[in-house]
Amino acid sequence: MQLVIISGRSGSGKSTALHVLEDIGFTCIDNLPASLLPTLAQYNKKLDNVRYAISIDARNHNEDLRQLPEIILNSDVNELDRQVLFLDANDDKLIQRFSETRRKHPLSDKQTDLRQAIQQERELLKPVFEVADVVIDTSDMKFHDLRDFVKRRFITNDEDGLAIMFQSFGFKYGVPQDADLVFDVRCLPNPHWKPELRPLTGKDQAVKLFLDQQDTVDEMYQDIRRFVEKWLPCYKENNRSYMTIAVGCTGGQHRSVYLCERLSHYFDKVSNNIQCRHRELLQHD
């Protein structure tokens, strides 16, 4: 039995993730009481090709949420092929989403406004967050980005092996929460200081030519490539099916984009499941 537990704050995209898993064949249950997880696991653990996706959020009883880590780690649930997926977004983005949809937050009432409810929800779900296998910050994700991420994460193909995502980002906007490896390339020459290159990105030919001419950039590329190449077999042996390798510069526009493009191009020749995503560039598409 395969079990995916989806949790996170309201407005972070839990329903979207659950619907994606339902579309690819999971049996989905929204807001199952956490105390019932061991019963579900015991009943199904010996069945092959059974896949469940369970949403557990702040609507659960507070005591159930507090006991969830114990339930996951010390019951029949721990014997399953299970993953805990936690989705979140920053407070301002969650408030914006609630304002746009005009939905009522499950914790808001006459004494608790929306911002207070969102902050309270963070504390309530802290026990779930602490046992999460995957944390996704959806603040800057569009609907289709989240759908694609969930599909890549949970559609497995033995022939494709380990799925690898190279993701560029800007440190000034925060490190991606779902990153398995993070490389800091802010020490490299910055095209930002060239007026003619400033409005371009690491995907543009002029920027690529500039960075190609920098010895330190090539040294950094070779070091990251060799590191990833050396340690990927260890991650595969640890039964990993998905891995995010994040490369960050200051703004996520030039150096990190260039290196992710170059790395994904190289590894695409030796693996059937390579993706490349540029977090900050998506905000301007």
# chains A, B, ... in the order shown; residues from 1 in each chain; ligands from 1
call {"tool": "select_by_dssp", "arguments": {"residues": "range 174-251 of chain A", "states": "strand (DSSP E)", "output": "PyMOL selection string"}}
result
chain A and resi 181-184+242-249
call {"tool": "write_last_selection", "arguments": {"atoms": "C-alpha atoms", "output": "CSV table (one decimal), in the first residue's frame"}}
result
chain,number,residue,atom,x,y,z
A,181,LEU,CA,20.7,20.3,-2.3
A,182,VAL,CA,21.4,24.0,-2.4
A,183,PHE,CA,24.3,25.7,-4.2
A,184,ASP,CA,25.2,29.3,-3.6
A,242,TYR,CA,12.6,12.6,-6.8
A,243,MET,CA,15.2,15.2,-6.0
A,244,THR,CA,15.4,19.0,-6.2
A,245,ILE,CA,18.8,20.6,-6.8
A,246,ALA,CA,18.5,24.3,-6.2
A,247,VAL,CA,21.1,26.9,-7.5
A,248,GLY,CA,20.8,30.4,-6.1
A,249,CYS,CA,22.2,33.8,-7.0
call {"tool": "residues_around", "arguments": {"residues": "Cys276 in chain A", "least_positions_apart": "2", "cutoff": "12 Å", "atoms": "only C-alpha atoms", "output": "MDAnalysis selection string"}}
result
chainID A and resid 149 163:169 203 243:247 256:268 273:274 278:279 281:282
call {"tool": "write_last_selection", "arguments": {"atoms": "N, CA and C atoms", "output": "mmCIF file, in the first residue's frame"}}
result
data_model
loop_
_atom_site.group_PDB
_atom_site.id
_atom_site.type_symbol
_atom_site.label_atom_id
_atom_site.label_comp_id
_atom_site.auth_asym_id
_atom_site.auth_seq_id
_atom_site.Cartn_x
_atom_site.Cartn_y
_atom_site.Cartn_z
ATOM 1 N N PHE A 149 4.182 19.718 -10.358
ATOM 2 C CA PHE A 149 5.076 19.245 -9.309
ATOM 3 C C PHE A 149 4.545 17.954 -8.689
ATOM 4 N N ALA A 163 13.903 11.052 -10.568
ATOM 5 C CA ALA A 163 13.545 12.297 -11.248
ATOM 6 C C ALA A 163 14.308 13.442 -10.606
ATOM 7 N N ILE A 164 14.980 14.257 -11.413
ATOM 8 C CA ILE A 164 15.820 15.339 -10.894
ATOM 9 C C ILE A 164 15.309 16.678 -11.410
ATOM 10 N N MET A 165 15.097 17.598 -10.491
ATOM 11 C CA MET A 165 14.696 18.957 -10.832
ATOM 12 C C MET A 165 15.846 19.912 -10.511
ATOM 13 N N PHE A 166 16.325 20.635 -11.513
ATOM 14 C CA PHE A 166 17.271 21.728 -11.290
ATOM 15 C C PHE A 166 16.458 23.019 -11.215
ATOM 16 N N GLN A 167 16.550 23.715 -10.099
ATOM 17 C CA GLN A 167 15.731 24.904 -9.887
ATOM 18 C C GLN A 167 16.600 26.104 -9.536
ATOM 19 N N SER A 168 16.469 27.165 -10.323
ATOM 20 C CA SER A 168 17.168 28.405 -10.003
ATOM 21 C C SER A 168 16.300 29.247 -9.086
ATOM 22 N N PHE A 169 16.937 30.085 -8.270
ATOM 23 C CA PHE A 169 16.182 30.954 -7.365
ATOM 24 C C PHE A 169 17.052 32.129 -6.948
ATOM 25 N N LYS A 203 19.046 32.736 -19.780
ATOM 26 C CA LYS A 203 18.664 31.965 -20.954
ATOM 27 C C LYS A 203 18.984 32.710 -22.247
ATOM 28 N N MET A 243 14.227 14.354 -6.660
ATOM 29 C CA MET A 243 15.248 15.168 -6.013
ATOM 30 C C MET A 243 15.268 16.561 -6.622
ATOM 31 N N THR A 244 15.309 17.584 -5.762
ATOM 32 C CA THR A 244 15.396 18.967 -6.219
ATOM 33 C C THR A 244 16.776 19.522 -5.890
ATOM 34 N N ILE A 245 17.469 19.994 -6.920
ATOM 35 C CA ILE A 245 18.793 20.596 -6.758
ATOM 36 C C ILE A 245 18.643 22.080 -7.070
ATOM 37 N N ALA A 246 18.769 22.908 -6.045
ATOM 38 C CA ALA A 246 18.537 24.342 -6.183
ATOM 39 C C ALA A 246 19.858 25.094 -6.307
ATOM 40 N N VAL A 247 19.907 26.015 -7.250
ATOM 41 C CA VAL A 247 21.083 26.860 -7.470
ATOM 42 C C VAL A 247 20.630 28.306 -7.329
ATOM 43 N N SER A 256 22.256 31.878 -11.676
ATOM 44 C CA SER A 256 21.618 30.614 -11.295
ATOM 45 C C SER A 256 20.840 30.017 -12.460
ATOM 46 N N VAL A 257 20.204 30.862 -13.258
ATOM 47 C CA VAL A 257 19.458 30.388 -14.424
ATOM 48 C C VAL A 257 20.410 29.749 -15.429
ATOM 49 N N TYR A 258 21.512 30.441 -15.699
ATOM 50 C CA TYR A 258 22.521 29.934 -16.630
ATOM 51 C C TYR A 258 23.023 28.561 -16.195
ATOM 52 N N LEU A 259 23.374 28.419 -14.910
ATOM 53 C CA LEU A 259 23.945 27.165 -14.426
ATOM 54 C C LEU A 259 22.913 26.040 -14.420
ATOM 55 N N CYS A 260 21.676 26.335 -14.064
ATOM 56 C CA CYS A 260 20.648 25.299 -14.083
ATOM 57 C C CYS A 260 20.385 24.814 -15.505
ATOM 58 N N GLU A 261 20.373 25.748 -16.439
ATOM 59 C CA GLU A 261 20.195 25.359 -17.840
ATOM 60 C C GLU A 261 21.342 24.458 -18.300
ATOM 61 N N ARG A 262 22.538 24.839 -17.933
ATOM 62 C CA ARG A 262 23.711 24.070 -18.348
ATOM 63 C C ARG A 262 23.743 22.693 -17.682
ATOM 64 N N LEU A 263 23.421 22.647 -16.394
ATOM 65 C CA LEU A 263 23.416 21.379 -15.659
ATOM 66 C C LEU A 263 22.318 20.447 -16.175
ATOM 67 N N SER A 264 21.133 20.982 -16.405
ATOM 68 C CA SER A 264 20.036 20.134 -16.881
ATOM 69 C C SER A 264 20.341 19.603 -18.282
ATOM 70 N N HIS A 265 20.996 20.416 -19.105
ATOM 71 C CA HIS A 265 21.377 19.971 -20.447
ATOM 72 C C HIS A 265 22.366 18.815 -20.365
ATOM 73 N N TYR A 266 23.325 18.898 -19.444
ATOM 74 C CA TYR A 266 24.314 17.830 -19.292
ATOM 75 C C TYR A 266 23.656 16.544 -18.788
ATOM 76 N N PHE A 267 22.876 16.647 -17.711
ATOM 77 C CA PHE A 267 22.309 15.448 -17.104
ATOM 78 C C PHE A 267 21.176 14.859 -17.937
ATOM 79 N N ASP A 268 20.609 15.646 -18.825
ATOM 80 C CA ASP A 268 19.575 15.124 -19.714
ATOM 81 C C ASP A 268 20.131 14.058 -20.652
ATOM 82 N N ASN A 273 14.798 11.557 -16.899
ATOM 83 C CA ASN A 273 13.805 12.295 -16.122
ATOM 84 C C ASN A 273 14.429 13.538 -15.488
ATOM 85 N N ILE A 274 14.754 14.512 -16.315
ATOM 86 C CA ILE A 274 15.370 15.764 -15.861
ATOM 87 C C ILE A 274 14.417 16.913 -16.155
ATOM 88 N N HIS A 278 12.765 27.747 -13.272
ATOM 89 C CA HIS A 278 13.365 29.009 -12.826
ATOM 90 C C HIS A 278 12.316 29.775 -12.024
ATOM 91 N N ARG A 279 12.426 29.684 -10.718
ATOM 92 C CA ARG A 279 11.369 30.201 -9.845
ATOM 93 C C ARG A 279 11.088 31.678 -10.053
ATOM 94 N N LEU A 281 11.878 33.662 -12.600
ATOM 95 C CA LEU A 281 11.444 34.023 -13.950
ATOM 96 C C LEU A 281 9.957 33.749 -14.135
ATOM 97 N N LEU A 282 9.432 32.740 -13.426
ATOM 98 C CA LEU A 282 8.019 32.432 -13.550
ATOM 99 C C LEU A 282 7.133 33.574 -13.098
#
call {"tool": "residues_around", "arguments": {"residues": "His254 in chain A", "least_positions_apart": "6", "cutoff": "7 Å", "atoms": "only C-alpha atoms", "output": "VMD selection string"}}
result
chain A and resid 191 201 to 202
call {"tool": "residues_around", "arguments": {"residues": "Arg82 in chain A", "least_positions_apart": "6", "cutoff": "6 Å", "atoms": "only C-alpha atoms", "output": "list in words"}}
result
Gln2, Leu3 and Val4 of chain A
call {"tool": "atom_distance", "arguments": {"atom1": "CA of Phe86 in chain A", "atom2": "CA of Val134 in chain A"}}
result
6.2 Å
call {"tool": "residues_around", "arguments": {"residues": "Leu232 in chain A", "least_positions_apart": "5", "cutoff": "10 Å", "atoms": "only C-alpha atoms", "output": "VMD selection string"}}
result
chain A and resid 162 164 227 237 to 238 240 243
call {"tool": "write_last_selection", "arguments": {"atoms": "N, CA and C atoms", "output": "short mmCIF file (atom, residue, chain, number, x, y, z; two decimals), in the first residue's frame"}}
result
data_model
loop_
_atom_site.label_atom_id
_atom_site.label_comp_id
_atom_site.auth_asym_id
_atom_site.auth_seq_id
_atom_site.Cartn_x
_atom_site.Cartn_y
_atom_site.Cartn_z
N LEU A 162 15.38 7.92 -10.94
CA LEU A 162 15.29 9.11 -10.10
C LEU A 162 14.97 10.35 -10.94
N ILE A 164 14.98 14.26 -11.41
CA ILE A 164 15.82 15.34 -10.89
C ILE A 164 15.31 16.68 -11.41
N PHE A 227 29.98 16.98 -8.19
CA PHE A 227 29.38 16.64 -6.90
C PHE A 227 28.08 15.87 -7.10
N GLU A 237 20.18 4.68 -4.29
CA GLU A 237 20.21 3.49 -3.44
C GLU A 237 19.35 3.67 -2.18
N ASN A 238 19.11 4.93 -1.82
CA ASN A 238 18.28 5.22 -0.65
C ASN A 238 16.79 5.30 -1.02
N ARG A 240 15.23 6.99 -3.29
CA ARG A 240 14.66 8.29 -3.62
C ARG A 240 14.06 8.22 -5.02
N MET A 243 14.23 14.35 -6.66
CA MET A 243 15.25 15.17 -6.01
C MET A 243 15.27 16.56 -6.62
#
call {"tool": "residues_around", "arguments": {"residues": "Glu121 in chain A", "least_positions_apart": "6", "cutoff": "10 Å", "atoms": "only C-alpha atoms", "output": "PyMOL selection string"}}
result
chain A and resi 8-10+57-59+105-107+115
call {"tool": "select_by_dssp", "arguments": {"residues": "range 33-271 of chain A", "states": "alpha helix (DSSP H)", "output": "JSON, numbers by chain"}}
result
{"A": [37, 38, 39, 40, 41, 42, 43, 44, 62, 63, 64, 65, 66, 67, 68, 69, 70, 71, 72, 73, 91, 92, 93, 94, 95, 96, 97, 98, 99, 100, 101, 114, 115, 116, 117, 118, 119, 120, 121, 122, 123, 124, 126, 127, 128, 129, 130, 143, 144, 145, 146, 147, 148, 149, 150, 151, 152, 153, 154, 205, 206, 207, 208, 209, 210, 211, 212, 215, 216, 217, 218, 219, 220, 221, 222, 223, 224, 225, 226, 227, 228, 229, 230, 231, 232, 233, 234, 235, 236, 237, 255, 256, 257, 258, 259, 260, 261, 262, 263, 264, 265, 266, 267]}
call {"tool": "write_last_selection", "arguments": {"atoms": "C-alpha atoms", "output": "CSV table (one decimal), in the first residue's frame"}}
result
chain,number,residue,atom,x,y,z
A,37,LEU,CA,-4.9,6.3,10.1
A,38,PRO,CA,-3.6,3.1,11.9
A,39,THR,CA,-7.0,1.3,11.2
A,40,LEU,CA,-6.7,2.3,7.5
A,41,ALA,CA,-3.1,1.1,7.4
A,42,GLN,CA,-3.8,-2.2,9.1
A,43,TYR,CA,-6.7,-3.0,6.8
A,44,ASN,CA,-4.8,-2.3,3.6
A,62,ASN,CA,-6.4,19.3,18.0
A,63,GLU,CA,-5.5,16.2,20.0
A,64,ASP,CA,-5.3,14.1,16.8
A,65,LEU,CA,-3.0,16.7,15.3
A,66,ARG,CA,-0.7,16.6,18.3
A,67,GLN,CA,-0.6,12.8,18.2
A,68,LEU,CA,0.0,12.6,14.4
A,69,PRO,CA,3.9,12.3,14.6
A,70,GLU,CA,3.5,9.3,17.0
A,71,ILE,CA,0.8,7.8,14.8
A,72,ILE,CA,3.0,8.0,11.7
A,73,LEU,CA,6.3,6.9,13.3
A,91,ASP,CA,0.8,34.9,5.3
A,92,ASP,CA,0.3,37.7,2.8
A,93,LYS,CA,-0.2,35.3,-0.1
A,94,LEU,CA,-2.7,33.2,1.9
A,95,ILE,CA,-4.7,36.4,2.8
A,96,GLN,CA,-4.7,37.4,-0.9
A,97,ARG,CA,-6.0,34.0,-2.0
A,98,PHE,CA,-8.8,34.1,0.6
A,99,SER,CA,-9.7,37.6,-0.5
A,100,GLU,CA,-9.9,36.6,-4.1
A,101,THR,CA,-12.0,33.5,-3.5
A,114,LEU,CA,-8.3,36.2,8.9
A,115,ARG,CA,-4.6,37.0,9.7
A,116,GLN,CA,-5.0,35.7,13.2
A,117,ALA,CA,-6.6,32.5,12.0
A,118,ILE,CA,-3.8,32.0,9.5
A,119,GLN,CA,-1.2,32.4,12.2
A,120,GLN,CA,-3.1,30.1,14.6
A,121,GLU,CA,-3.3,27.5,11.9
A,122,ARG,CA,0.5,27.5,11.6
A,123,GLU,CA,0.9,26.6,15.3
A,124,LEU,CA,-1.8,23.9,15.1
A,126,LYS,CA,3.4,22.5,13.6
A,127,PRO,CA,3.4,18.8,14.6
A,128,VAL,CA,2.6,17.8,11.0
A,129,PHE,CA,5.2,20.1,9.6
A,130,GLU,CA,7.9,18.5,11.7
A,143,PHE,CA,-2.0,26.5,-10.4
A,144,HIS,CA,-0.4,24.5,-13.2
A,145,ASP,CA,3.1,24.6,-11.5
A,146,LEU,CA,1.7,22.9,-8.4
A,147,ARG,CA,-0.2,20.3,-10.5
A,148,ASP,CA,3.0,19.5,-12.5
A,149,PHE,CA,5.1,19.2,-9.3
A,150,VAL,CA,2.7,16.8,-7.7
A,151,LYS,CA,2.5,14.7,-10.9
A,152,ARG,CA,6.3,14.5,-11.2
A,153,ARG,CA,6.6,13.6,-7.5
A,154,PHE,CA,4.1,10.8,-7.4
A,205,GLN,CA,22.6,34.4,-25.6
A,206,ALA,CA,24.4,37.6,-24.6
A,207,VAL,CA,24.3,36.6,-20.9
A,208,LYS,CA,25.5,33.0,-21.8
A,209,LEU,CA,28.4,34.4,-23.8
A,210,PHE,CA,29.4,36.7,-20.9
A,211,LEU,CA,29.3,33.9,-18.3
A,212,ASP,CA,31.0,31.4,-20.7
A,215,ASP,CA,36.8,31.0,-15.7
A,216,THR,CA,35.3,31.0,-12.2
A,217,VAL,CA,31.8,30.3,-13.6
A,218,ASP,CA,33.1,27.2,-15.5
A,219,GLU,CA,34.9,26.0,-12.4
A,220,MET,CA,31.7,26.3,-10.3
A,221,TYR,CA,29.7,24.5,-13.0
A,222,GLN,CA,32.3,21.6,-13.1
A,223,ASP,CA,32.4,21.4,-9.3
A,224,ILE,CA,28.6,21.2,-9.0
A,225,ARG,CA,28.4,18.7,-11.9
A,226,ARG,CA,31.0,16.4,-10.3
A,227,PHE,CA,29.4,16.6,-6.9
A,228,VAL,CA,25.9,15.8,-8.2
A,229,GLU,CA,27.3,13.0,-10.5
A,230,LYS,CA,29.3,11.5,-7.6
A,231,TRP,CA,26.4,11.4,-5.0
A,232,LEU,CA,23.4,10.6,-7.2
A,233,PRO,CA,23.9,6.9,-7.0
A,234,CYS,CA,23.8,7.1,-3.2
A,235,TYR,CA,20.5,8.9,-3.3
A,236,LYS,CA,19.1,6.3,-5.7
A,237,GLU,CA,20.2,3.5,-3.4
A,255,ARG,CA,23.9,33.2,-12.9
A,256,SER,CA,21.6,30.6,-11.3
A,257,VAL,CA,19.5,30.4,-14.4
A,258,TYR,CA,22.5,29.9,-16.6
A,259,LEU,CA,23.9,27.2,-14.4
A,260,CYS,CA,20.6,25.3,-14.1
A,261,GLU,CA,20.2,25.4,-17.8
A,262,ARG,CA,23.7,24.1,-18.3
A,263,LEU,CA,23.4,21.4,-15.7
A,264,SER,CA,20.0,20.1,-16.9
A,265,HIS,CA,21.4,20.0,-20.4
A,266,TYR,CA,24.3,17.8,-19.3
A,267,PHE,CA,22.3,15.4,-17.1
call {"tool": "atom_distance", "arguments": {"atom1": "CA of Tyr173 in chain A", "atom2": "CA of Asp113 in chain A"}}
result
27.2 Å
call {"tool": "closest_residue", "arguments": {"among": "A:Ile5, A:Leu32, A:Val270, A:Val20", "to": "Ala53 in chain A", "atoms": "only C-alpha atoms"}}
result
A:Ile5
call {"tool": "atom_distance", "arguments": {"atom1": "CA of Asp137 in chain A", "atom2": "CA of Gly251 in chain A"}}
result
17.7 Å
call {"tool": "closest_residue", "arguments": {"among": "A:Val131, A:Met141, A:Leu21, A:Leu36", "to": "Val84 in chain A", "atoms": "only C-alpha atoms"}}
result
A:Val131
call {"tool": "decode", "arguments": {"residues": "range 3-37 of chain A", "atoms": "N, CA and C atoms", "output": "PDB file, in the first residue's frame"}}
result
ATOM      1  N   LEU A   3       0.832   5.305   0.658  1.00  0.00           N
ATOM      2  CA  LEU A   3       0.037   6.307   1.366  1.00  0.00           C
ATOM      3  C   LEU A   3       0.705   7.665   1.258  1.00  0.00           C
ATOM      4  N   VAL A   4      -0.042   8.646   0.785  1.00  0.00           N
ATOM      5  CA  VAL A   4       0.415  10.031   0.763  1.00  0.00           C
ATOM      6  C   VAL A   4      -0.483  10.828   1.700  1.00  0.00           C
ATOM      7  N   ILE A   5       0.116  11.441   2.716  1.00  0.00           N
ATOM      8  CA  ILE A   5      -0.620  12.302   3.636  1.00  0.00           C
ATOM      9  C   ILE A   5      -0.353  13.744   3.237  1.00  0.00           C
ATOM     10  N   ILE A   6      -1.417  14.457   2.885  1.00  0.00           N
ATOM     11  CA  ILE A   6      -1.302  15.848   2.451  1.00  0.00           C
ATOM     12  C   ILE A   6      -1.791  16.754   3.568  1.00  0.00           C
ATOM     13  N   SER A   7      -0.967  17.728   3.938  1.00  0.00           N
ATOM     14  CA  SER A   7      -1.378  18.679   4.957  1.00  0.00           C
ATOM     15  C   SER A   7      -0.845  20.058   4.597  1.00  0.00           C
ATOM     16  N   GLY A   8      -1.175  21.035   5.426  1.00  0.00           N
ATOM     17  CA  GLY A   8      -0.739  22.399   5.181  1.00  0.00           C
ATOM     18  C   GLY A   8      -1.834  23.382   5.538  1.00  0.00           C
ATOM     19  N   ARG A   9      -1.481  24.645   5.476  1.00  0.00           N
ATOM     20  CA  ARG A   9      -2.450  25.673   5.851  1.00  0.00           C
ATOM     21  C   ARG A   9      -3.499  25.887   4.757  1.00  0.00           C
ATOM     22  N   SER A  10      -4.654  26.339   5.169  1.00  0.00           N
ATOM     23  CA  SER A  10      -5.754  26.592   4.237  1.00  0.00           C
ATOM     24  C   SER A  10      -5.333  27.628   3.200  1.00  0.00           C
ATOM     25  N   GLY A  11      -5.606  27.326   1.937  1.00  0.00           N
ATOM     26  CA  GLY A  11      -5.233  28.232   0.864  1.00  0.00           C
ATOM     27  C   GLY A  11      -3.882  27.930   0.244  1.00  0.00           C
ATOM     28  N   SER A  12      -3.193  26.900   0.743  1.00  0.00           N
ATOM     29  CA  SER A  12      -1.853  26.594   0.228  1.00  0.00           C
ATOM     30  C   SER A  12      -1.882  25.692  -0.993  1.00  0.00           C
ATOM     31  N   GLY A  13      -3.018  25.081  -1.297  1.00  0.00           N
ATOM     32  CA  GLY A  13      -3.110  24.232  -2.486  1.00  0.00           C
ATOM     33  C   GLY A  13      -3.367  22.768  -2.197  1.00  0.00           C
ATOM     34  N   LYS A  14      -3.810  22.440  -0.985  1.00  0.00           N
ATOM     35  CA  LYS A  14      -4.032  21.039  -0.624  1.00  0.00           C
ATOM     36  C   LYS A  14      -5.081  20.380  -1.516  1.00  0.00           C
ATOM     37  N   SER A  15      -6.164  21.091  -1.777  1.00  0.00           N
ATOM     38  CA  SER A  15      -7.230  20.514  -2.614  1.00  0.00           C
ATOM     39  C   SER A  15      -6.729  20.238  -4.023  1.00  0.00           C
ATOM     40  N   THR A  16      -5.912  21.144  -4.545  1.00  0.00           N
ATOM     41  CA  THR A  16      -5.335  20.932  -5.875  1.00  0.00           C
ATOM     42  C   THR A  16      -4.485  19.674  -5.893  1.00  0.00           C
ATOM     43  N   ALA A  17      -3.626  19.514  -4.888  1.00  0.00           N
ATOM     44  CA  ALA A  17      -2.760  18.337  -4.812  1.00  0.00           C
ATOM     45  C   ALA A  17      -3.589  17.059  -4.695  1.00  0.00           C
ATOM     46  N   LEU A  18      -4.638  17.106  -3.892  1.00  0.00           N
ATOM     47  CA  LEU A  18      -5.485  15.928  -3.701  1.00  0.00           C
ATOM     48  C   LEU A  18      -6.194  15.559  -5.004  1.00  0.00           C
ATOM     49  N   HIS A  19      -6.667  16.566  -5.731  1.00  0.00           N
ATOM     50  CA  HIS A  19      -7.354  16.294  -6.991  1.00  0.00           C
ATOM     51  C   HIS A  19      -6.393  15.710  -8.032  1.00  0.00           C
ATOM     52  N   VAL A  20      -5.152  16.179  -8.048  1.00  0.00           N
ATOM     53  CA  VAL A  20      -4.164  15.634  -8.981  1.00  0.00           C
ATOM     54  C   VAL A  20      -3.941  14.155  -8.701  1.00  0.00           C
ATOM     55  N   LEU A  21      -3.781  13.800  -7.427  1.00  0.00           N
ATOM     56  CA  LEU A  21      -3.552  12.402  -7.071  1.00  0.00           C
ATOM     57  C   LEU A  21      -4.782  11.544  -7.384  1.00  0.00           C
ATOM     58  N   GLU A  22      -5.959  12.116  -7.198  1.00  0.00           N
ATOM     59  CA  GLU A  22      -7.179  11.386  -7.553  1.00  0.00           C
ATOM     60  C   GLU A  22      -7.208  11.110  -9.051  1.00  0.00           C
ATOM     61  N   ASP A  23      -6.777  12.079  -9.842  1.00  0.00           N
ATOM     62  CA  ASP A  23      -6.786  11.930 -11.300  1.00  0.00           C
ATOM     63  C   ASP A  23      -5.823  10.848 -11.780  1.00  0.00           C
ATOM     64  N   ILE A  24      -4.761  10.586 -11.005  1.00  0.00           N
ATOM     65  CA  ILE A  24      -3.782   9.583 -11.437  1.00  0.00           C
ATOM     66  C   ILE A  24      -3.980   8.246 -10.728  1.00  0.00           C
ATOM     67  N   GLY A  25      -5.146   8.076 -10.068  1.00  0.00           N
ATOM     68  CA  GLY A  25      -5.503   6.749  -9.585  1.00  0.00           C
ATOM     69  C   GLY A  25      -5.470   6.519  -8.096  1.00  0.00           C
ATOM     70  N   PHE A  26      -5.174   7.548  -7.296  1.00  0.00           N
ATOM     71  CA  PHE A  26      -5.194   7.383  -5.850  1.00  0.00           C
ATOM     72  C   PHE A  26      -6.636   7.417  -5.341  1.00  0.00           C
ATOM     73  N   THR A  27      -6.921   6.635  -4.310  1.00  0.00           N
ATOM     74  CA  THR A  27      -8.168   6.769  -3.569  1.00  0.00           C
ATOM     75  C   THR A  27      -7.979   7.889  -2.564  1.00  0.00           C
ATOM     76  N   CYS A  28      -8.790   8.927  -2.663  1.00  0.00           N
ATOM     77  CA  CYS A  28      -8.559  10.143  -1.881  1.00  0.00           C
ATOM     78  C   CYS A  28      -9.626  10.329  -0.812  1.00  0.00           C
ATOM     79  N   ILE A  29      -9.176  10.737   0.374  1.00  0.00           N
ATOM     80  CA  ILE A  29     -10.074  11.026   1.494  1.00  0.00           C
ATOM     81  C   ILE A  29      -9.702  12.393   2.038  1.00  0.00           C
ATOM     82  N   ASP A  30     -10.666  13.291   2.058  1.00  0.00           N
ATOM     83  CA  ASP A  30     -10.421  14.650   2.531  1.00  0.00           C
ATOM     84  C   ASP A  30     -10.700  14.742   4.027  1.00  0.00           C
ATOM     85  N   ASN A  31      -9.678  15.173   4.792  1.00  0.00           N
ATOM     86  CA  ASN A  31      -9.804  15.435   6.226  1.00  0.00           C
ATOM     87  C   ASN A  31     -10.197  14.201   7.034  1.00  0.00           C
ATOM     88  N   LEU A  32      -9.511  13.103   6.786  1.00  0.00           N
ATOM     89  CA  LEU A  32      -9.692  11.912   7.609  1.00  0.00           C
ATOM     90  C   LEU A  32      -9.180  12.193   9.018  1.00  0.00           C
ATOM     91  N   PRO A  33      -9.931  11.850  10.070  1.00  0.00           N
ATOM     92  CA  PRO A  33      -9.383  11.999  11.433  1.00  0.00           C
ATOM     93  C   PRO A  33      -8.072  11.234  11.566  1.00  0.00           C
ATOM     94  N   ALA A  34      -7.037  11.903  12.040  1.00  0.00           N
ATOM     95  CA  ALA A  34      -5.715  11.289  12.102  1.00  0.00           C
ATOM     96  C   ALA A  34      -5.709  10.011  12.926  1.00  0.00           C
ATOM     97  N   SER A  35      -6.568   9.933  13.915  1.00  0.00           N
ATOM     98  CA  SER A  35      -6.611   8.747  14.783  1.00  0.00           C
ATOM     99  C   SER A  35      -7.055   7.492  14.034  1.00  0.00           C
ATOM    100  N   LEU A  36      -7.655   7.668  12.844  1.00  0.00           N
ATOM    101  CA  LEU A  36      -8.107   6.516  12.057  1.00  0.00           C
ATOM    102  C   LEU A  36      -7.039   5.993  11.098  1.00  0.00           C
ATOM    103  N   LEU A  37      -5.921   6.685  11.002  1.00  0.00           N
ATOM    104  CA  LEU A  37      -4.861   6.250  10.079  1.00  0.00           C
ATOM    105  C   LEU A  37      -4.376   4.828  10.362  1.00  0.00           C
TER     106      LEU A  37
END
